[in-house]
Amino acid sequence: MIDTAEKPADFVEALAKGLAILEAFDAAHPDMTLSEVARRVGLSPAAARRSLITLTSLGYVGQFRKRFHLKTEVMALGSGFHFSARIDAILRPELRSLVAQFGDAASVGTLSRGEVIYVAHYSVQKARRAMAHVGAKYPAYATSMGKVLLAALPRADLDTYLARYDPLPLTSATITDPDVLRAELTEVRAQGYATTADQLDYGITALAVPIRGADGTTIATLNTSGYTGKVTPAQLVEERLPDLRVTALTIEDELARFPRYSIHACLLKLHQEGDSHVPPM
């Protein structure tokens, strides 16, 4: 839903509506009717219709009968960030190194509007499950990376997030009690890492650590994951945590070497925009 709080004087409402519609499509909503789009974004059917007509004309949205879907052209919107921020040059070698050492998968993500956005990912996993790929978004409360990022929020922002906490129980292990989540995030903040097992999807066990900017602020997070049943959270901590932390420090050093328009600036901008307001769950 569009957050209309504190809009600047030159805020372009029509652009915001169009972007909100593009963000409304995800794995759970791959195609929607006009009414479903309007309801999900919080627009009137007439406003949603005008935006969908515009997006269809521009090639970002397609229509089959009465259902709308994203087209491949929408991928170009994110490719500018991916290449200008030098994602592959800085992050991918480190992720490949982790996967070469431990197998499984490794990712880097940042927080935006209560969700983790994957900005880099490398994997040798083949199982069918929740997909981790560049641009994927998942609820922060159900992921190891999300918990690291939530734990790093200023107290007031975290209070706002938890006050609105009404999660979808993605599995039987998903934390649905805000008090339980707060206690876990307090522990994450103290120990400097987070683990999850089967909270996003069955079969995913993961460990994440923060990636910090020059001022010590957490601007992103790095994780390693494996199959539940083959690895436990305790095993990840014992076997991978030291190397994961070293890799995070290496990434921090690499980010600091690049100029203003590098991935460091982009991640910092995403971090600042993402945690400055937390929308309803």
# chains A, B, ... in the order shown; residues from 1 in each chain; ligands from 1
call {"tool": "residues_around", "arguments": {"residues": "A:Thr196", "least_positions_apart": "2", "cutoff": "8 Å", "atoms": "only C-alpha atoms", "output": "mmCIF file with N, CA and C atoms, in the first residue's frame"}}
result
data_model
loop_
_atom_site.group_PDB
_atom_site.id
_atom_site.type_symbol
_atom_site.label_atom_id
_atom_site.label_comp_id
_atom_site.auth_asym_id
_atom_site.auth_seq_id
_atom_site.Cartn_x
_atom_site.Cartn_y
_atom_site.Cartn_z
ATOM 1 N N ALA A 142 11.160 -13.396 8.570
ATOM 2 C CA ALA A 142 11.283 -14.832 8.349
ATOM 3 C C ALA A 142 12.648 -15.245 7.821
ATOM 4 N N THR A 143 13.597 -14.319 7.708
ATOM 5 C CA THR A 143 14.903 -14.626 7.124
ATOM 6 C C THR A 143 16.030 -14.242 8.076
ATOM 7 N N SER A 144 17.152 -14.932 7.947
ATOM 8 C CA SER A 144 18.319 -14.595 8.779
ATOM 9 C C SER A 144 18.829 -13.198 8.446
ATOM 10 N N ALA A 194 22.492 -13.790 13.064
ATOM 11 C CA ALA A 194 21.152 -14.365 13.188
ATOM 12 C C ALA A 194 21.099 -15.689 12.454
ATOM 13 N N ASP A 198 13.755 -23.130 8.616
ATOM 14 C CA ASP A 198 12.397 -23.411 8.123
ATOM 15 C C ASP A 198 11.394 -22.296 8.393
ATOM 16 N N GLN A 199 11.850 -21.068 8.605
ATOM 17 C CA GLN A 199 10.909 -19.989 8.914
ATOM 18 C C GLN A 199 10.371 -19.305 7.656
ATOM 19 N N ILE A 204 15.072 -24.586 4.461
ATOM 20 C CA ILE A 204 16.075 -23.519 4.452
ATOM 21 C C ILE A 204 16.581 -23.252 5.868
ATOM 22 N N THR A 205 17.859 -23.480 6.084
ATOM 23 C CA THR A 205 18.531 -23.107 7.322
ATOM 24 C C THR A 205 19.633 -22.120 6.961
ATOM 25 N N ALA A 206 19.700 -20.999 7.662
ATOM 26 C CA ALA A 206 20.609 -19.925 7.235
ATOM 27 C C ALA A 206 21.244 -19.208 8.416
ATOM 28 N N LEU A 207 22.361 -18.587 8.119
ATOM 29 C CA LEU A 207 23.122 -17.787 9.073
ATOM 30 C C LEU A 207 23.502 -16.486 8.384
ATOM 31 N N PRO A 233 21.303 -24.814 12.548
ATOM 32 C CA PRO A 233 21.814 -23.485 12.885
ATOM 33 C C PRO A 233 23.084 -23.543 13.719
#
call {"tool": "select_by_dssp", "arguments": {"residues": "stretch 158-281 of chain A", "states": "helix (DSSP H, G or I)", "output": "ChimeraX atom specification"}}
result
/A:158-163,178-191,233-257,263-275
call {"tool": "select_by_dssp", "arguments": {"residues": "stretch 162-216 of chain A", "states": "strand (DSSP E or B)", "output": "tab-separated table (two decimals) with C-alpha atoms, in the first residue's frame"}}
result
chain	number	residue	atom	x	y	z
A	194	ALA	CA	21.15	-14.36	13.19
A	195	THR	CA	20.05	-17.88	12.29
A	196	THR	CA	16.80	-19.30	10.96
A	197	ALA	CA	15.51	-22.79	10.23
A	204	ILE	CA	16.08	-23.52	4.45
A	205	THR	CA	18.53	-23.11	7.32
A	206	ALA	CA	20.61	-19.93	7.23
A	207	LEU	CA	23.12	-17.79	9.07
A	208	ALA	CA	23.64	-14.04	8.48
A	209	VAL	CA	26.01	-11.31	9.68
A	210	PRO	CA	25.95	-7.53	9.18
A	211	ILE	CA	27.84	-5.54	6.55
A	212	ARG	CA	28.64	-2.12	7.99
call {"tool": "atom_distance", "arguments": {"atom1": "atom CA of A:Lys137", "atom2": "atom CA of A:Ile117"}}
result
4.6 Å
call {"tool": "residues_around", "arguments": {"residues": "A:Arg240", "least_positions_apart": "5", "cutoff": "12 Å", "atoms": "only C-alpha atoms", "output": "PyMOL selection string"}}
result
chain A and resi 98-99+101-104+106+193+195+206-209+222-226+231-235+245-247
call {"tool": "write_last_selection", "arguments": {"atoms": "C-alpha atoms", "output": "short mmCIF file (atom, residue, chain, number, x, y, z; two decimals), in the first residue's frame"}}
result
data_model
loop_
_atom_site.label_atom_id
_atom_site.label_comp_id
_atom_site.auth_asym_id
_atom_site.auth_seq_id
_atom_site.Cartn_x
_atom_site.Cartn_y
_atom_site.Cartn_z
CA LEU A 98 31.99 -18.83 0.30
CA VAL A 99 30.06 -21.30 -1.83
CA GLN A 101 34.29 -23.41 0.60
CA PHE A 102 30.97 -24.55 2.08
CA GLY A 103 28.70 -25.39 -0.86
CA ASP A 104 25.04 -24.42 -0.70
CA ALA A 106 25.37 -17.19 -0.18
CA TYR A 193 24.51 -12.73 13.85
CA THR A 195 20.05 -17.88 12.29
CA ALA A 206 20.61 -19.93 7.23
CA LEU A 207 23.12 -17.79 9.07
CA ALA A 208 23.64 -14.04 8.48
CA VAL A 209 26.01 -11.31 9.68
CA LEU A 222 25.63 -11.37 4.21
CA ASN A 223 24.33 -14.90 4.64
CA THR A 224 25.13 -18.53 4.02
CA SER A 225 22.41 -21.16 3.81
CA GLY A 226 21.96 -24.89 3.50
CA VAL A 231 22.88 -28.69 8.48
CA THR A 232 21.58 -27.10 11.69
CA PRO A 233 21.81 -23.48 12.89
CA ALA A 234 24.33 -24.57 15.52
CA GLN A 235 26.50 -26.22 12.86
CA ARG A 245 32.51 -12.52 9.38
CA VAL A 246 35.87 -12.34 7.60
CA THR A 247 34.06 -12.16 4.25
#
call {"tool": "residues_around", "arguments": {"residues": "A:Leu168", "least_positions_apart": "5", "cutoff": "10 Å", "atoms": "only C-alpha atoms", "output": "list in words"}}
result
Pro139, Tyr141, Ala142, Thr174, Ile175, Thr176 and Met281 of chain A
